[in-house]
Amino acid sequence: MDKIANASKTMEVIKKHDFSFQKRYGQNFLIDSHILEKIMDAAKITGDDHVIEIGPGIGSMTQYLCERAGRVTAVEIDRELIPILEETLRGYENVRIINDDILKVDMDSLFTADEKKGCAKVVANLPYYITTPIVMGLLEGHAPVKSITVMVQKEVADRMVTGPGSKDYGALSLAVRYYTQPHIVANVPPNCFIPRPKVGSAVIKLDIHDKPPVRVTDERLMFKLIRAAFNQRRKTLANSIANAPDLDYAKEAVVAALKKMEINENIRGEALALEDFAHLTDLLVL
């Protein structure tokens with residue numbers, strides 16, 4: 001099949017189908033084959049892999065995936081793109097196209113019994129406006145994948161890999177660290193897309209941990225505490241948790257737990273590492 005990951009071919013496909021970009025879907029089609037090769041290499045796609053692609057667009061990345069993976073499932077929300085995908089992917093027998101919202105898809109239904117053991121991968125050029133819900137949904141939902149390699153807004157990639165004390169540090173940083181080992185593969189300038197986004201992008205790979213790097217009694221509670229800490233990040237951690245509507249801890253209880261941890265009661269959540277939140281959770285469960 002002729003590759004469409006360049007400006008002239010992409011525009012040819014768009015004009016042929018009289019396609020109009022939908023701002024509500026955050027559509028930016030990748031037109032740089034070198035970046036696509038970097039994504040394939042980073043994700044280590046082989047013939048043994050089933051790859052879930054989120055938001056295939058017109059199929060630029062999907063073509064590369066189909067040539068390397070054993071099986072590809074492409075989930076696209078925009079129904080106007082389905083006939084385009086059927087054309088650009090004609091000739092590839094190892095791809096299934098699903099017209100649906102990935103946030104509403106039953107992820108388990110996409111995998112076979114063997115793949116539910118963690119033999120699948122997610123690769124995607126994610127719509128920037130829903131990057132965090134998608135990534136968090138995959139991680140907290142324990143999707144049976146061994147890695148997630150995605151194009152995201154550079155600012156979001158930076159948040160994923162940063163540590164305590166940074167202005168970019170937050171709930172996403174902690175979730176990514178708990179579930180995965182993150183690695184920024186490449187920075188991608190706006191001119192690699194049609195239309196050009198107003199911000200820079202980055203490819204990040206998240207290798208799923210076999211076991212989380214910290215042990216915690218109640219994982220769900222830990223992330224409730226983390227979200228509370230960063231929902232009111234200018235407040236002290238004790239006040240943020242005490243004010244959280246979905247938690248039932250008095251400020252005094254949090255202060256007492258922090259004291260046992262030998263941490264100042266006026267500390268803010270942004271200063272705590274993942275290990276600290278796990279320790280705090282265990283103390284509050286007691």
# chains A, B, ... in the order shown; residues from 1 in each chain; ligands from 1

$ closest_atom_pairs --of "range 60-153 of chain A" --to "range 26-40 of chain A" --cutoff "7 Å" --atoms "only C-alpha atoms" --output "JSON lines"
{"residue": "A:Ser60", "atom": "CA", "partner": "A:Leu30", "partner_atom": "CA", "distance": 6.9}
{"residue": "A:Met61", "atom": "CA", "partner": "A:Leu36", "partner_atom": "CA", "distance": 6.6}
{"residue": "A:Pro127", "atom": "CA", "partner": "A:Gly26", "partner_atom": "CA", "distance": 5.1}
{"residue": "A:Tyr128", "atom": "CA", "partner": "A:Gly26", "partner_atom": "CA", "distance": 6.5}
{"residue": "A:Tyr129", "atom": "CA", "partner": "A:Gly26", "partner_atom": "CA", "distance": 6.7}

$ residues_around --residues "Thr88 in chain A" --least-positions-apart "5" --cutoff "9 Å" --atoms "only C-alpha atoms" --output "count of residues only"
10

$ closest_residue --among "A:Asn243, A:Thr217, A:Asn266, A:Thr10" --to "His279 in chain A" --atoms "only C-alpha atoms"
A:Thr217

$ residues_around --residues "Tyr178 in chain A" --least-positions-apart "6" --cutoff "8 Å" --atoms "only C-alpha atoms" --output "NGL selection string"
:A and (212-214 or 274)

$ atom_distance --atom1 "CA of Val188 in chain A" --atom2 "CA of Ile204 in chain A"
10.8 Å

$ atom_distance --atom1 "CA of Glu53 in chain A" --atom2 "CA of Glu80 in chain A"
17.4 Å

$ closest_residue --among "A:Leu225, A:Lys9, A:Ala244, A:Glu265" --to "Val285 in chain A" --atoms "only C-alpha atoms"
A:Leu225

$ select_by_dssp --residues "range 20-254 of chain A" --states "strand (DSSP E)" --output "PyMOL selection string"
chain A and resi 29-30+50-54+71-76+95-99+120-125+145-153+180-188+193-194+201-208

$ write_last_selection --atoms "N, CA and C atoms" --output "short mmCIF file (atom, residue, chain, number, x, y, z; two decimals), in the first residue's frame"
data_model
loop_
_atom_site.label_atom_id
_atom_site.label_comp_id
_atom_site.auth_asym_id
_atom_site.auth_seq_id
_atom_site.Cartn_x
_atom_site.Cartn_y
_atom_site.Cartn_z
N PHE A 29 -3.32 15.26 12.00
CA PHE A 29 -2.80 14.06 11.35
C PHE A 29 -1.28 14.15 11.19
N LEU A 30 -0.59 13.10 11.58
CA LEU A 30 0.87 13.05 11.52
C LEU A 30 1.32 12.85 10.07
N HIS A 50 -0.69 -7.74 19.33
CA HIS A 50 -1.98 -7.15 18.99
C HIS A 50 -1.91 -5.71 19.47
N VAL A 51 -2.06 -4.78 18.55
CA VAL A 51 -1.94 -3.36 18.88
C VAL A 51 -3.31 -2.69 18.85
N ILE A 52 -3.62 -1.96 19.92
CA ILE A 52 -4.82 -1.14 19.96
C ILE A 52 -4.39 0.28 19.59
N GLU A 53 -4.94 0.81 18.51
CA GLU A 53 -4.65 2.19 18.12
C GLU A 53 -5.88 3.04 18.43
N ILE A 54 -5.66 4.13 19.14
CA ILE A 54 -6.74 5.04 19.51
C ILE A 54 -6.68 6.27 18.62
N ARG A 71 -1.78 -8.20 14.65
CA ARG A 71 -3.18 -7.78 14.58
C ARG A 71 -3.31 -6.35 15.08
N VAL A 72 -4.17 -5.57 14.44
CA VAL A 72 -4.38 -4.17 14.82
C VAL A 72 -5.88 -3.92 14.99
N THR A 73 -6.25 -3.29 16.10
CA THR A 73 -7.62 -2.84 16.31
C THR A 73 -7.57 -1.32 16.41
N ALA A 74 -8.22 -0.65 15.47
CA ALA A 74 -8.20 0.81 15.41
C ALA A 74 -9.57 1.34 15.85
N VAL A 75 -9.58 2.14 16.92
CA VAL A 75 -10.82 2.67 17.47
C VAL A 75 -10.92 4.15 17.12
N GLU A 76 -11.90 4.50 16.28
CA GLU A 76 -12.05 5.88 15.80
C GLU A 76 -13.46 6.40 16.11
N VAL A 95 -6.33 -5.91 10.22
CA VAL A 95 -6.83 -4.74 10.93
C VAL A 95 -8.35 -4.80 11.09
N ARG A 96 -8.82 -4.37 12.26
CA ARG A 96 -10.25 -4.23 12.50
C ARG A 96 -10.51 -2.78 12.89
N ILE A 97 -11.49 -2.15 12.26
CA ILE A 97 -11.83 -0.76 12.54
C ILE A 97 -13.11 -0.71 13.35
N ILE A 98 -13.07 0.00 14.47
CA ILE A 98 -14.23 0.13 15.34
C ILE A 98 -14.60 1.61 15.44
N ASN A 99 -15.83 1.93 15.10
CA ASN A 99 -16.32 3.32 15.21
C ASN A 99 -16.97 3.50 16.58
N ALA A 120 -0.73 -7.47 24.75
CA ALA A 120 -1.12 -6.46 23.76
C ALA A 120 -0.43 -5.13 24.07
N LYS A 121 -0.49 -4.21 23.11
CA LYS A 121 0.12 -2.89 23.26
C LYS A 121 -0.84 -1.82 22.76
N VAL A 122 -0.72 -0.63 23.34
CA VAL A 122 -1.48 0.52 22.86
C VAL A 122 -0.49 1.46 22.19
N VAL A 123 -0.83 1.90 20.98
CA VAL A 123 -0.03 2.89 20.26
C VAL A 123 -1.00 3.90 19.68
N ALA A 124 -0.71 5.19 19.86
CA ALA A 124 -1.70 6.18 19.41
C ALA A 124 -1.11 7.58 19.31
N ASN A 125 -1.71 8.35 18.41
CA ASN A 125 -1.52 9.80 18.36
C ASN A 125 -2.77 10.35 19.04
N VAL A 145 -2.38 -4.66 28.90
CA VAL A 145 -1.37 -4.32 27.90
C VAL A 145 0.00 -4.24 28.58
N LYS A 146 1.05 -4.46 27.80
CA LYS A 146 2.40 -4.41 28.38
C LYS A 146 3.09 -3.09 28.14
N SER A 147 2.55 -2.28 27.23
CA SER A 147 3.12 -0.95 27.05
C SER A 147 2.11 -0.04 26.37
N ILE A 148 2.31 1.27 26.59
CA ILE A 148 1.50 2.30 25.96
C ILE A 148 2.47 3.31 25.36
N THR A 149 2.45 3.44 24.04
CA THR A 149 3.34 4.39 23.35
C THR A 149 2.46 5.40 22.63
N VAL A 150 2.51 6.66 23.08
CA VAL A 150 1.56 7.64 22.58
C VAL A 150 2.19 8.99 22.29
N MET A 151 1.61 9.66 21.30
CA MET A 151 1.94 11.05 21.02
C MET A 151 1.01 11.91 21.85
N VAL A 152 1.61 12.82 22.63
CA VAL A 152 0.82 13.70 23.49
C VAL A 152 1.38 15.11 23.42
N GLN A 153 0.66 16.06 23.99
CA GLN A 153 1.18 17.41 24.11
C GLN A 153 2.45 17.36 24.97
N THR A 180 3.70 2.43 35.74
CA THR A 180 4.59 2.27 34.60
C THR A 180 5.99 2.83 34.84
N GLN A 181 6.86 2.53 33.88
CA GLN A 181 8.16 3.20 33.79
C GLN A 181 8.09 4.10 32.56
N PRO A 182 8.03 5.42 32.73
CA PRO A 182 7.86 6.31 31.58
C PRO A 182 9.19 6.72 30.94
N HIS A 183 9.16 6.95 29.64
CA HIS A 183 10.36 7.35 28.91
C HIS A 183 9.94 8.20 27.71
N ILE A 184 10.43 9.44 27.64
CA ILE A 184 10.14 10.29 26.49
C ILE A 184 11.02 9.85 25.32
N VAL A 185 10.39 9.48 24.22
CA VAL A 185 11.09 8.94 23.06
C VAL A 185 11.58 10.05 22.14
N ALA A 186 10.74 11.04 21.90
CA ALA A 186 11.10 12.11 20.96
C ALA A 186 10.21 13.32 21.17
N ASN A 187 10.77 14.48 20.94
CA ASN A 187 9.98 15.71 20.88
C ASN A 187 9.59 15.95 19.43
N VAL A 188 8.37 16.41 19.21
CA VAL A 188 7.84 16.53 17.85
C VAL A 188 7.31 17.95 17.62
N PHE A 193 2.52 17.91 11.61
CA PHE A 193 1.09 17.60 11.60
C PHE A 193 0.33 18.48 10.60
N ILE A 194 -0.79 17.95 10.16
CA ILE A 194 -1.81 18.72 9.44
C ILE A 194 -3.13 18.51 10.17
N SER A 201 4.74 18.73 20.68
CA SER A 201 4.27 17.40 21.07
C SER A 201 5.46 16.53 21.47
N ALA A 202 5.16 15.39 22.03
CA ALA A 202 6.21 14.43 22.39
C ALA A 202 5.65 13.03 22.32
N VAL A 203 6.52 12.09 21.98
CA VAL A 203 6.16 10.67 22.04
C VAL A 203 6.68 10.13 23.36
N ILE A 204 5.81 9.51 24.12
CA ILE A 204 6.21 8.93 25.40
C ILE A 204 5.81 7.46 25.44
N LYS A 205 6.71 6.65 25.98
CA LYS A 205 6.41 5.23 26.13
C LYS A 205 6.27 4.90 27.61
N LEU A 206 5.20 4.19 27.94
CA LEU A 206 4.94 3.77 29.31
C LEU A 206 5.00 2.25 29.35
N ASP A 207 6.05 1.71 29.94
CA ASP A 207 6.17 0.26 30.11
C ASP A 207 5.48 -0.14 31.41
N ILE A 208 4.48 -1.00 31.30
CA ILE A 208 3.67 -1.36 32.46
C ILE A 208 4.49 -2.24 33.42
#

$ select_by_dssp --residues "range 45-276 of chain A" --states "helix (DSSP H, G or I)" --output "JSON, numbers by chain"
{"A": [60, 61, 62, 63, 64, 65, 66, 67, 68, 79, 80, 81, 82, 83, 84, 85, 86, 87, 88, 107, 108, 109, 110, 115, 116, 117, 128, 129, 130, 131, 132, 133, 134, 135, 136, 137, 138, 139, 140, 154, 155, 156, 157, 158, 159, 160, 161, 171, 172, 173, 174, 175, 176, 177, 178, 179, 190, 191, 192, 219, 220, 221, 222, 223, 224, 225, 226, 227, 228, 229, 230, 231, 237, 238, 239, 240, 241, 242, 243, 251, 252, 253, 254, 255, 256, 257, 258, 259, 260, 269, 270, 271, 274, 275, 276]}

$ atom_distance --atom1 "CA of Arg268 in chain A" --atom2 "CA of Ala175 in chain A"
17.8 Å

$ residues_around --residues "Asp248 in chain A" --least-positions-apart "3" --cutoff "12 Å" --atoms "only C-alpha atoms" --output "PyMOL selection string"
chain A and resi 221+224-225+228+240-245+251-254+284-285

$ write_last_selection --atoms "C-alpha atoms" --output "CSV table (one decimal), in the first residue's frame"
chain,number,residue,atom,x,y,z
A,221,LEU,CA,-7.8,5.2,48.6
A,224,LYS,CA,-8.3,9.5,46.3
A,225,LEU,CA,-5.7,11.1,48.6
A,228,ALA,CA,-7.4,15.5,46.9
A,240,SER,CA,-6.8,19.4,51.2
A,241,ILE,CA,-7.6,15.9,52.4
A,242,ALA,CA,-9.9,17.1,55.2
A,243,ASN,CA,-11.8,19.3,52.6
A,244,ALA,CA,-12.2,16.5,50.0
A,245,PRO,CA,-15.9,15.6,49.6
A,251,LYS,CA,-7.4,17.2,59.6
A,252,GLU,CA,-6.2,16.0,63.0
A,253,ALA,CA,-6.1,12.4,61.7
A,254,VAL,CA,-4.0,13.4,58.7
A,284,LEU,CA,-4.9,6.2,57.6
A,285,VAL,CA,-6.3,2.8,56.9

$ closest_residue --among "A:Asp41, A:Asp246, A:Asp108, A:Asp48" --to "Ala143 in chain A" --atoms "only C-alpha atoms"
A:Asp108

$ residues_around --residues "Ala69 in chain A" --least-positions-apart "6" --cutoff "6 Å" --atoms "only C-alpha atoms" --output "PyMOL selection string"
chain A and resi 45-47+49

$ write_last_selection --atoms "N, CA and C atoms" --output "short mmCIF file (atom, residue, chain, number, x, y, z; two decimals), in the first residue's frame"
data_model
loop_
_atom_site.label_atom_id
_atom_site.label_comp_id
_atom_site.auth_asym_id
_atom_site.auth_seq_id
_atom_site.Cartn_x
_atom_site.Cartn_y
_atom_site.Cartn_z
N ILE A 45 7.17 -3.08 18.05
CA ILE A 45 6.07 -3.84 17.45
C ILE A 45 6.61 -5.04 16.69
N THR A 46 6.06 -6.22 16.97
CA THR A 46 6.45 -7.44 16.26
C THR A 46 5.20 -8.18 15.79
N GLY A 47 5.42 -9.22 15.04
CA GLY A 47 4.32 -10.02 14.51
C GLY A 47 3.54 -10.75 15.58
N ASP A 49 2.41 -9.22 18.24
CA ASP A 49 1.64 -8.21 18.97
C ASP A 49 0.25 -7.96 18.40
#
